[in-house]
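Content type mmCIF, C-alpha atoms, from the file final29.cif:
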data_entry
loop_
_atom_site.group_PDB
_atom_site.id
_atom_site.type_symbol
_atom_site.label_atom_id
_atom_site.label_comp_id
_atom_site.auth_asym_id
_atom_site.auth_seq_id
_atom_site.Cartn_x
_atom_site.Cartn_y
_atom_site.Cartn_z
ATOM 1 C CA MET A 176 7.927 38.001 67.430
ATOM 2 C CA LYS A 177 6.389 40.716 65.337
ATOM 3 C CA GLN A 178 4.028 42.265 67.851
ATOM 4 C CA GLU A 179 5.518 44.981 69.999
ATOM 5 C CA ALA A 180 5.512 45.081 73.776
ATOM 6 C CA SER A 181 2.765 47.560 74.610
ATOM 7 C CA ILE A 182 4.179 48.690 77.968
ATOM 8 C CA VAL A 183 7.591 49.469 76.516
ATOM 9 C CA SER A 184 6.244 51.204 73.421
ATOM 10 C CA SER A 185 3.768 53.417 75.312
ATOM 11 C CA ILE A 186 6.348 54.418 77.928
ATOM 12 C CA THR A 187 8.836 55.259 75.167
ATOM 13 C CA GLY A 188 6.161 57.268 73.398
ATOM 14 C CA LEU A 189 5.666 59.229 76.614
ATOM 15 C CA LEU A 190 9.417 59.813 76.848
ATOM 16 C CA TYR A 191 9.987 61.088 73.278
ATOM 17 C CA PRO A 192 9.200 64.806 73.940
ATOM 18 C CA PHE A 193 11.382 64.795 77.049
ATOM 19 C CA ILE A 194 14.268 63.230 75.132
ATOM 20 C CA ILE A 195 13.938 65.853 72.384
ATOM 21 C CA VAL A 196 13.786 68.746 74.858
ATOM 22 C CA PHE A 197 16.702 67.364 76.879
ATOM 23 C CA GLY A 198 18.822 66.848 73.771
ATOM 24 C CA ILE A 199 18.187 70.373 72.494
ATOM 25 C CA TYR A 200 18.805 71.768 75.995
ATOM 26 C CA VAL A 201 22.178 70.012 76.177
ATOM 27 C CA ILE A 202 23.096 71.341 72.734
ATOM 28 C CA LEU A 203 22.000 74.929 73.358
ATOM 29 C CA ASN A 204 23.673 75.218 76.772
ATOM 30 C CA GLY A 205 26.822 73.431 75.713
ATOM 31 C CA HIS A 206 28.986 76.538 75.645
ATOM 32 C CA ASP A 207 28.750 77.302 79.376
ATOM 33 C CA THR A 208 27.405 74.173 81.092
ATOM 34 C CA PRO A 209 28.385 70.500 80.766
ATOM 35 C CA GLY A 210 27.312 69.026 77.476
ATOM 36 C CA GLY A 211 27.636 70.301 73.976
ATOM 37 C CA GLY A 212 26.989 69.393 70.405
ATOM 38 C CA PHE A 213 28.281 65.855 70.514
ATOM 39 C CA GLN A 214 26.458 64.751 73.669
ATOM 40 C CA GLY A 215 23.207 66.409 72.689
ATOM 41 C CA GLY A 216 23.421 64.952 69.204
ATOM 42 C CA ALA A 217 23.953 61.494 70.645
ATOM 43 C CA ILE A 218 20.853 61.943 72.830
ATOM 44 C CA LEU A 219 18.831 62.886 69.734
ATOM 45 C CA ALA A 220 20.235 59.859 67.898
ATOM 46 C CA VAL A 221 19.098 57.569 70.731
ATOM 47 C CA LEU A 222 15.579 58.839 70.015
ATOM 48 C CA PHE A 223 15.612 57.624 66.386
ATOM 49 C CA ILE A 224 17.354 54.336 67.139
ATOM 50 C CA GLY A 225 15.086 53.612 70.081
ATOM 51 C CA ARG A 226 12.145 54.131 67.774
ATOM 52 C CA TYR A 227 13.510 51.413 65.499
ATOM 53 C CA ILE A 228 14.156 49.025 68.386
ATOM 54 C CA VAL A 229 10.854 49.522 70.169
ATOM 55 C CA ALA A 230 8.297 50.188 67.442
ATOM 56 C CA HIS A 231 10.000 48.350 64.493
ATOM 57 C CA ALA A 232 9.786 51.601 62.525
ATOM 58 C CA ASP A 233 11.575 51.400 59.179
ATOM 59 C CA ASP A 234 10.137 54.509 57.508
ATOM 60 C CA PHE A 235 13.314 56.500 58.055
ATOM 61 C CA ASN A 236 14.791 57.766 54.780
ATOM 62 C CA ILE A 237 18.479 56.890 55.152
ATOM 63 C CA GLY A 238 19.598 58.366 51.842
ATOM 64 C CA ARG A 239 18.096 61.769 52.554
ATOM 65 C CA ALA A 240 19.504 61.783 56.094
ATOM 66 C CA HIS A 241 22.929 60.983 54.661
ATOM 67 C CA ASN A 242 22.690 63.864 52.182
ATOM 68 C CA VAL A 243 21.602 66.326 54.887
ATOM 69 C CA GLU A 244 24.498 65.137 57.020
ATOM 70 C CA LYS A 245 26.971 65.795 54.203
ATOM 71 C CA ALA A 246 25.515 69.290 53.672
ATOM 72 C CA LEU A 247 25.836 69.954 57.395
ATOM 73 C CA LEU A 248 29.496 68.925 57.248
ATOM 74 C CA ALA A 249 30.087 71.448 54.449
ATOM 75 C CA VAL A 250 28.407 74.209 56.472
ATOM 76 C CA LEU A 251 30.351 73.092 59.527
ATOM 77 C CA ILE A 252 33.637 73.665 57.723
ATOM 78 C CA LEU A 253 32.492 76.861 55.996
ATOM 79 C CA VAL A 254 31.225 78.770 59.054
ATOM 80 C CA PRO A 255 34.494 78.748 61.073
ATOM 81 C CA VAL A 256 36.486 79.571 57.945
ATOM 82 C CA VAL A 257 34.360 82.651 57.296
ATOM 83 C CA PHE A 258 33.963 83.694 60.918
ATOM 84 C CA VAL A 259 37.426 83.076 62.380
ATOM 85 C CA PHE A 260 39.754 83.418 59.403
ATOM 86 C CA GLY A 261 37.689 86.223 57.897
ATOM 87 C CA SER A 262 38.490 88.121 61.134
ATOM 88 C CA LEU A 263 34.772 88.679 61.699
ATOM 89 C CA SER A 264 35.288 87.476 65.269
ATOM 90 C CA ARG A 265 37.556 90.438 65.980
ATOM 91 C CA ARG A 266 35.311 92.967 64.287
ATOM 92 C CA PHE A 267 32.076 91.810 65.953
ATOM 93 C CA PRO A 268 33.057 90.339 69.356
ATOM 94 C CA GLN A 269 29.442 90.596 70.598
ATOM 95 C CA TYR A 270 28.496 87.781 68.194
ATOM 96 C CA ASN A 271 30.953 85.263 69.666
ATOM 97 C CA GLN A 272 28.320 83.554 71.797
ATOM 98 C CA VAL A 273 25.891 83.350 68.893
ATOM 99 C CA TYR A 274 28.666 81.762 66.866
ATOM 100 C CA LEU A 275 29.329 79.142 69.559
ATOM 101 C CA VAL A 276 25.651 78.252 69.922
ATOM 102 C CA PHE A 277 25.249 78.010 66.169
ATOM 103 C CA MET A 278 28.278 75.737 65.860
ATOM 104 C CA ASN A 279 26.977 73.527 68.688
ATOM 105 C CA LEU A 280 23.628 73.258 66.915
ATOM 106 C CA LEU A 281 25.298 72.249 63.655
ATOM 107 C CA ILE A 282 27.500 69.667 65.391
ATOM 108 C CA GLY A 283 24.527 68.319 67.309
ATOM 109 C CA PHE A 284 22.370 67.748 64.246
ATOM 110 C CA LYS A 285 25.275 66.290 62.311
ATOM 111 C CA VAL A 286 26.131 63.828 65.086
ATOM 112 C CA ALA A 287 22.480 62.848 65.514
ATOM 113 C CA LEU A 288 21.995 62.174 61.803
ATOM 114 C CA GLY A 289 25.378 60.460 61.457
ATOM 115 C CA LEU A 290 24.864 58.019 64.329
ATOM 116 C CA THR A 291 21.337 57.277 63.158
ATOM 117 C CA VAL A 292 22.524 56.554 59.614
ATOM 118 C CA VAL A 293 25.304 54.309 60.935
ATOM 119 C CA VAL A 294 22.960 52.199 63.044
ATOM 120 C CA PHE A 295 20.189 52.034 60.435
ATOM 121 C CA ARG A 296 22.595 51.026 57.695
ATOM 122 C CA TYR A 297 23.913 48.303 59.957
ATOM 123 C CA ALA A 298 20.423 47.158 60.837
ATOM 124 C CA PHE A 299 19.046 46.994 57.295
ATOM 125 C CA TYR A 300 21.828 46.541 54.766
ATOM 126 C CA GLU A 301 24.885 45.031 56.405
ATOM 127 C CA ASP A 302 25.169 41.384 55.484
ATOM 128 C CA ARG A 303 26.210 38.785 57.969
ATOM 129 C CA MET B 77 32.406 55.534 101.059
ATOM 130 C CA ILE B 78 30.243 56.155 97.979
ATOM 131 C CA GLU B 79 33.319 55.787 95.845
ATOM 132 C CA ALA B 80 34.200 52.387 97.345
ATOM 133 C CA ILE B 81 30.649 51.097 96.921
ATOM 134 C CA LEU B 82 30.524 52.269 93.290
ATOM 135 C CA LEU B 83 33.881 50.721 92.443
ATOM 136 C CA LEU B 84 32.945 47.391 94.042
ATOM 137 C CA LEU B 85 29.612 47.393 92.203
ATOM 138 C CA LEU B 86 31.455 48.054 88.942
ATOM 139 C CA ILE B 87 33.679 45.011 89.426
ATOM 140 C CA LEU B 88 30.684 42.894 90.418
ATOM 141 C CA LEU B 89 28.650 43.959 87.381
ATOM 142 C CA ALA B 90 31.555 43.352 85.034
ATOM 143 C CA ILE B 91 31.958 39.792 86.328
ATOM 144 C CA VAL B 92 28.207 39.177 86.138
ATOM 145 C CA ALA B 93 28.081 40.501 82.560
ATOM 146 C CA VAL B 94 30.861 38.127 81.519
ATOM 147 C CA GLU B 95 29.453 35.099 83.320
ATOM 148 C CA THR B 96 25.814 35.448 82.231
ATOM 149 C CA GLN B 97 24.584 32.735 79.892
ATOM 150 C CA ILE B 98 21.940 34.764 78.061
ATOM 151 C CA LEU B 99 23.410 37.412 75.769
ATOM 152 C CA ARG B 100 20.594 39.881 76.167
ATOM 153 C CA MET B 101 21.051 39.942 79.934
ATOM 154 C CA ALA B 102 24.766 40.547 79.480
ATOM 155 C CA VAL B 103 23.935 43.593 77.337
ATOM 156 C CA VAL B 104 21.629 44.948 80.043
ATOM 157 C CA PHE B 105 24.296 44.410 82.704
ATOM 158 C CA LEU B 106 26.770 46.313 80.553
ATOM 159 C CA GLY B 107 24.270 49.179 80.338
ATOM 160 C CA ILE B 108 23.984 49.314 84.144
ATOM 161 C CA PHE B 109 27.772 49.133 84.359
ATOM 162 C CA SER B 110 28.158 52.214 82.142
ATOM 163 C CA LEU B 111 25.490 54.105 84.078
ATOM 164 C CA LEU B 112 27.346 53.482 87.352
ATOM 165 C CA LEU B 113 30.589 54.477 85.663
ATOM 166 C CA SER B 114 29.013 57.763 84.617
ATOM 167 C CA PHE B 115 27.921 58.341 88.246
ATOM 168 C CA LEU B 116 31.520 57.775 89.222
ATOM 169 C CA TYR B 117 32.712 60.334 86.660
ATOM 170 C CA LEU B 118 30.212 62.812 88.092
ATOM 171 C CA TYR B 119 31.520 62.069 91.592
ATOM 172 C CA TYR B 120 35.050 62.755 90.425
ATOM 173 C CA GLY B 121 33.910 66.138 89.083
ATOM 174 C CA ALA B 122 33.778 65.535 85.325
ATOM 175 C CA PRO B 123 30.147 66.142 84.331
ATOM 176 C CA ASP B 124 30.994 66.494 80.657
ATOM 177 C CA VAL B 125 32.556 63.043 80.494
ATOM 178 C CA ALA B 126 29.698 61.689 82.590
ATOM 179 C CA ILE B 127 27.096 62.866 80.066
ATOM 180 C CA ALA B 128 29.089 61.425 77.172
ATOM 181 C CA GLU B 129 29.496 58.102 78.988
ATOM 182 C CA ALA B 130 25.818 57.900 79.931
ATOM 183 C CA VAL B 131 24.612 58.692 76.429
ATOM 184 C CA MET B 132 27.124 56.723 74.404
ATOM 185 C CA ALA B 133 27.862 53.628 76.467
ATOM 186 C CA SER B 134 24.601 53.180 78.284
ATOM 187 C CA GLY B 135 22.278 54.349 75.527
ATOM 188 C CA LEU B 136 23.791 53.951 72.095
ATOM 189 C CA VAL B 137 25.988 50.907 72.660
ATOM 190 C CA THR B 138 23.163 49.041 74.379
ATOM 191 C CA LEU B 139 20.855 49.819 71.479
ATOM 192 C CA LEU B 140 23.526 48.796 68.982
ATOM 193 C CA TYR B 141 24.028 45.428 70.701
ATOM 194 C CA LEU B 142 20.276 44.897 70.814
ATOM 195 C CA THR B 143 20.071 45.651 67.081
ATOM 196 C CA ALA B 144 22.825 43.145 66.411
ATOM 197 C CA LEU B 145 21.087 40.500 68.511
ATOM 198 C CA LYS B 146 17.850 41.156 66.688
ATOM 199 C CA ARG B 147 19.489 40.466 63.333
ATOM 200 C CA TYR B 148 20.706 37.035 64.413
ATOM 201 C CA ARG B 149 17.274 35.764 65.246
ATOM 202 C CA VAL B 150 16.395 33.153 62.644
ATOM 203 C CA TYR B 151 18.655 30.121 62.575
ATOM 204 C CA ASN B 152 18.439 28.120 59.371
ATOM 205 C CA ILE B 153 19.033 24.410 59.739
ATOM 206 C CA CYS B 154 19.220 22.173 56.710
ATOM 207 C CA PHE B 155 18.819 18.429 56.908
ATOM 208 C CA THR B 156 20.113 16.742 53.801
ATOM 209 C CA ASN B 157 20.101 13.127 52.741
ATOM 210 C CA GLN B 158 21.201 11.937 49.289
ATOM 211 C CA MET B 159 18.875 8.987 49.547
ATOM 212 C CA PHE B 160 15.728 11.003 49.422
ATOM 213 C CA ARG B 161 13.585 7.917 49.854
ATOM 214 C CA GLU B 162 14.941 7.570 53.363
ATOM 215 C CA VAL B 163 13.740 11.014 54.367
ATOM 216 C CA ASP B 164 10.348 10.491 55.915
ATOM 217 C CA ASP B 165 8.267 11.538 58.846
ATOM 218 C CA ARG B 166 10.402 9.675 61.320
ATOM 219 C CA TYR B 167 12.721 12.665 61.486
ATOM 220 C CA ILE B 168 9.950 15.071 62.285
ATOM 221 C CA VAL B 169 8.132 12.886 64.775
ATOM 222 C CA GLU B 170 9.595 12.785 68.229
ATOM 223 C CA GLY B 171 10.506 9.458 69.732
ATOM 224 C CA THR B 172 13.019 8.021 67.300
ATOM 225 C CA ARG B 173 16.599 8.656 68.241
ATOM 226 C CA ARG B 174 17.456 10.713 65.134
ATOM 227 C CA GLY B 175 14.279 12.766 65.329
ATOM 228 C CA GLN B 176 15.164 13.438 68.921
ATOM 229 C CA LEU B 177 18.526 14.843 67.866
ATOM 230 C CA LEU B 178 16.881 17.320 65.539
ATOM 231 C CA HIS B 179 14.385 18.155 68.253
ATOM 232 C CA GLU B 180 17.265 18.712 70.660
ATOM 233 C CA VAL B 181 18.938 21.119 68.224
ATOM 234 C CA GLU B 182 15.693 23.054 67.924
ATOM 235 C CA GLN B 183 15.270 23.206 71.693
ATOM 236 C CA PHE B 184 18.832 24.453 72.003
ATOM 237 C CA CYS B 185 18.126 27.216 69.478
ATOM 238 C CA ILE B 186 15.046 28.293 71.416
ATOM 239 C CA SER B 187 16.993 28.401 74.676
ATOM 240 C CA LYS B 188 19.469 30.726 72.929
ATOM 241 C CA GLU B 189 16.625 33.009 71.774
ATOM 242 C CA LEU B 190 16.995 31.930 68.153
ATOM 243 C CA GLU B 191 14.204 30.783 65.925
ATOM 244 C CA PRO B 192 15.027 27.414 64.373
ATOM 245 C CA GLN B 193 13.892 26.846 60.811
ATOM 246 C CA VAL B 194 14.449 23.332 59.499
ATOM 247 C CA VAL B 195 14.556 22.474 55.816
ATOM 248 C CA PHE B 196 14.637 18.885 54.497
ATOM 249 C CA THR B 197 16.285 18.382 51.137
ATOM 250 C CA PRO B 198 17.857 15.654 49.009
ATOM 251 C CA GLU B 199 20.341 18.094 47.435
ATOM 252 C CA ASP B 200 24.047 17.427 47.708
ATOM 253 C CA LEU B 201 26.427 19.277 49.962
ATOM 254 C CA GLU B 202 28.239 21.327 47.310
ATOM 255 C CA THR B 203 25.065 23.055 46.154
ATOM 256 C CA LEU B 204 24.087 23.811 49.719
ATOM 257 C CA MET B 205 27.502 25.217 50.542
ATOM 258 C CA GLU B 206 27.369 27.361 47.454
ATOM 259 C CA THR B 207 24.113 29.077 48.296
ATOM 260 C CA ARG B 208 25.146 29.853 51.897
ATOM 261 C CA LYS B 209 21.599 30.065 53.038
ATOM 262 C CA TYR B 210 21.973 27.758 55.988
ATOM 263 C CA ASP B 211 23.688 28.276 59.310
ATOM 264 C CA LEU B 212 23.855 24.598 60.129
ATOM 265 C CA ILE B 213 23.809 21.650 57.745
ATOM 266 C CA ILE B 214 23.088 18.154 59.028
ATOM 267 C CA ARG B 215 24.007 15.519 56.466
ATOM 268 C CA GLN B 216 23.236 11.865 56.580
ATOM 269 C CA GLU B 217 25.097 9.223 54.588
ATOM 270 C CA GLY B 218 23.798 5.829 55.508
ATOM 271 C CA ASP B 219 24.575 5.536 59.179
ATOM 272 C CA GLN B 220 26.939 8.495 59.422
ATOM 273 C CA LEU B 221 25.638 11.845 60.598
ATOM 274 C CA THR B 222 27.819 14.848 59.819
ATOM 275 C CA ILE B 223 27.058 18.324 61.104
ATOM 276 C CA TYR B 224 28.534 21.287 59.242
ATOM 277 C CA GLY B 225 28.762 24.659 60.980
ATOM 278 C CA SER B 226 30.539 27.922 60.347
ATOM 279 C CA GLN B 227 33.918 28.330 61.981
ATOM 280 C CA GLU B 228 33.130 31.867 63.126
ATOM 281 C CA ASN B 229 29.908 30.969 64.859
ATOM 282 C CA TYR B 230 30.410 30.551 68.621
ATOM 283 C CA PHE B 231 26.996 28.921 68.772
ATOM 284 C CA VAL B 232 28.209 25.794 66.975
ATOM 285 C CA ASP B 233 30.798 25.049 69.663
ATOM 286 C CA GLU B 234 28.200 24.914 72.412
ATOM 287 C CA LEU B 235 25.949 22.749 70.249
ATOM 288 C CA GLU B 236 28.832 20.361 69.620
ATOM 289 C CA MET B 237 29.506 20.000 73.337
ATOM 290 C CA LEU B 238 25.860 19.223 74.003
ATOM 291 C CA LEU B 239 25.445 16.711 71.187
ATOM 292 C CA ILE B 240 28.682 14.856 71.884
ATOM 293 C CA LEU B 241 27.718 14.477 75.524
ATOM 294 C CA ARG B 242 24.280 13.068 74.806
ATOM 295 C CA TYR B 243 24.527 11.281 71.452
ATOM 296 C CA GLN B 244 27.722 9.272 71.566
ATOM 297 C CA ASP B 245 25.977 6.213 70.177
ATOM 298 C CA LEU B 246 24.769 7.924 67.008
ATOM 299 C CA ASN B 247 28.059 8.105 65.086
ATOM 300 C CA THR B 248 27.956 11.905 64.889
ATOM 301 C CA ARG B 249 30.772 13.973 63.435
ATOM 302 C CA PHE B 250 31.353 17.716 63.401
ATOM 303 C CA MET B 251 32.913 19.697 60.562
ATOM 304 C CA ARG B 252 33.716 23.387 60.388
ATOM 305 C CA TYR B 253 34.043 25.459 57.266
ATOM 306 C CA ALA B 254 35.969 28.689 56.946
ATOM 307 C CA GLU B 255 34.698 31.836 55.274
ATOM 308 C CA ASP B 256 36.011 30.818 51.844
ATOM 309 C CA GLY B 257 34.278 27.447 51.936
ATOM 310 C CA SER B 258 37.248 25.219 52.745
ATOM 311 C CA PHE B 259 36.897 22.744 55.579
ATOM 312 C CA VAL B 260 38.823 23.006 58.806
ATOM 313 C CA GLU B 261 40.035 19.751 60.302
ATOM 314 C CA GLU B 262 38.349 19.004 63.594
ATOM 315 C CA SER B 263 40.139 17.194 66.410
#
Whole structure, structure tokens version:
Amino acid sequence: MKQEASIVSSITGLLYPFIIVFGIYVILNGHDTPGGGFQGGAILAVLFIGRYIVAHADDFNIGRAHNVEKALLAVLILVPVVFVFGSLSRRFPQYNQVYLVFMNLLIGFKVALGLTVVVFRYAFYEDR
Amino acid sequence: MIEAILLLLLILLAIVAVETQILRMAVVFLGIFSLLLSFLYLYYGAPDVAIAEAVMASGLVTLLYLTALKRYRVYNICFTNQMFREVDDRYIVEGTRRGQLLHEVEQFCISKELEPQVVFTPEDLETLMETRKYDLIIRQEGDQLTIYGSQENYFVDELEMLLILRYQDLNTRFMRYAEDGSFVEES
């Protein structure tokens, strides 16, 4: 069954922008409404994985995504170390919200890439 | 009231998901189950948990199960007979009793949403076991039919039930092999 179901694929194509906007909304408003980096990142990951399921897309570069995810992890550890332990948070308290939003963004992208890499690796390389 | 209805629906969906025969439908029922559970979390006043539940359980886990089901699509069946002169069209043509057995196995695969792929070969069992390319090996020695299936595969159990019920007269025997290649004694 190589051909794709046209109803499902066109409806999913219509939904992609809404999924992206919703995911980024959940990430950006995570610090004062329900949601946050993890949930928003998972929504963004559903986008990539759904693309594989529905449209049989296999053009996703797993190695590069993995590298970006590792870099994001490094930044994720570095930013709190500099900001909190460098006592920048006490010196510039007006930047606390910016810090939270930035951290949520980092976590969101890391979770999205990580979950996508996990599922794609399973789908393509894992042997039965 | 809403709470009672949601909880009852959850129990109902869980039972339906367990009892369904087709795996793909069970996955869909699990997705609906998680969506209702996230409604329940929202009702209890935990929107954060509700979002996580809706995204993870109803989106990601459903997609992950679907990916796993997609990978197990093609089912390789190997029909081997040492006496290669005996392998002829009778096994492919419907009507003869043995050909019917193979046909039955194929029909069973299709009903389980698997794509059967039958290979006929005169090679011996050891070579076939070594390559591990086949999910099911049907071997004929004279009058004796032996069916080899993996021990881990739940699918083989159902096939065994079906074949033993319908083909008692054919002298059929089932063997299981473990992951390391050794045979497990069958009752």
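Using only C-alpha atoms for every distance, the candidate list B:Leu190, B:Ile153, B:Met251, B:Ile213 yields B:Leu190 as the residue closest to chain A.
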Would you write out, as a VMD selection string, every residue that the PyMOL selection byres ((chain B) within 8 of (chain A)) captures in this file? chain B and resid 123 to 124 127 to 128 131 to 132 135 to 136 139 to 140 142 to 144 147
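Take atom CA of Phe277 of chain A and atom CA of Leu203 of chain A: the distance between them is 8.5 Å.
Distances from B:Tyr210, B:Thr197, B:Val232, B:Leu145 to Val103 of chain B were compared using only C-alpha atoms, and the smallest one belongs to B:Leu145.
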In Å to one decimal, how far is atom CA of Leu248 of chain A from atom CA of Asp207 of chain A? 23.7 Å
Under the PyMOL selection byres ((chain A and resi 280) around 9), which residues of this model are included? Write them out as a PyMOL selection string. chain A and resi 199+202-203+211-212+215-216+275-279+281-285
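Closest to Asn152 of chain B among B:Thr138, B:Thr222, B:Gln183, B:Gln193 is B:Gln193, based on all atoms listed in the file.
Atom CA of Tyr224 of chain B is found 9.6 Å from atom CA of Met205 of chain B.
All residues of protein, DNA or RNA that reach within 7 Å of segment 105-115 of chain B, judged by all atoms listed in the file and not counting those fewer than 2 positions away in the chain, are Leu82, Leu86, Leu89, Ala90, Ala93, Met101, Ala102, Val103, Tyr117, Leu118, Tyr119, Ala126, Glu129, Ala130, Ala133, Ser134 and Thr138 of chain B.
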As lines of an AutoDock Vina configuration file, please: the centre and edge lengths in Å, to one decimal, of an axis-aligned box enclosing every listed atom of segment 198-215 of chain A with 6 Å added on each side.
center_x = 23.6
center_y = 71.0
center_z = 75.7
size_x = 22.8
size_y = 24.6
size_z = 22.7
Result set, the PyMOL selection byres ((chain B and resi 249) around 9) on current file, as a ChimeraX atom specification: /B:220-224,240,247-248,250-251
How would the residues just picked look written out with C-alpha atoms as an mmCIF file, in the coordinates of the input?
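Listing of again.cif after writing:
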data_model
loop_
_atom_site.group_PDB
_atom_site.id
_atom_site.type_symbol
_atom_site.label_atom_id
_atom_site.label_comp_id
_atom_site.auth_asym_id
_atom_site.auth_seq_id
_atom_site.Cartn_x
_atom_site.Cartn_y
_atom_site.Cartn_z
ATOM 1 C CA GLN B 220 26.939 8.495 59.422
ATOM 2 C CA LEU B 221 25.638 11.845 60.598
ATOM 3 C CA THR B 222 27.819 14.848 59.819
ATOM 4 C CA ILE B 223 27.058 18.324 61.104
ATOM 5 C CA TYR B 224 28.534 21.287 59.242
ATOM 6 C CA ILE B 240 28.682 14.856 71.884
ATOM 7 C CA ASN B 247 28.059 8.105 65.086
ATOM 8 C CA THR B 248 27.956 11.905 64.889
ATOM 9 C CA PHE B 250 31.353 17.716 63.401
ATOM 10 C CA MET B 251 32.913 19.697 60.562
#
Of the candidates B:Glu95, B:Leu116, B:Glu79, B:Leu177, which shows the shortest atom-to-atom distance to Arg242 of chain B, using only C-alpha atoms? B:Leu177
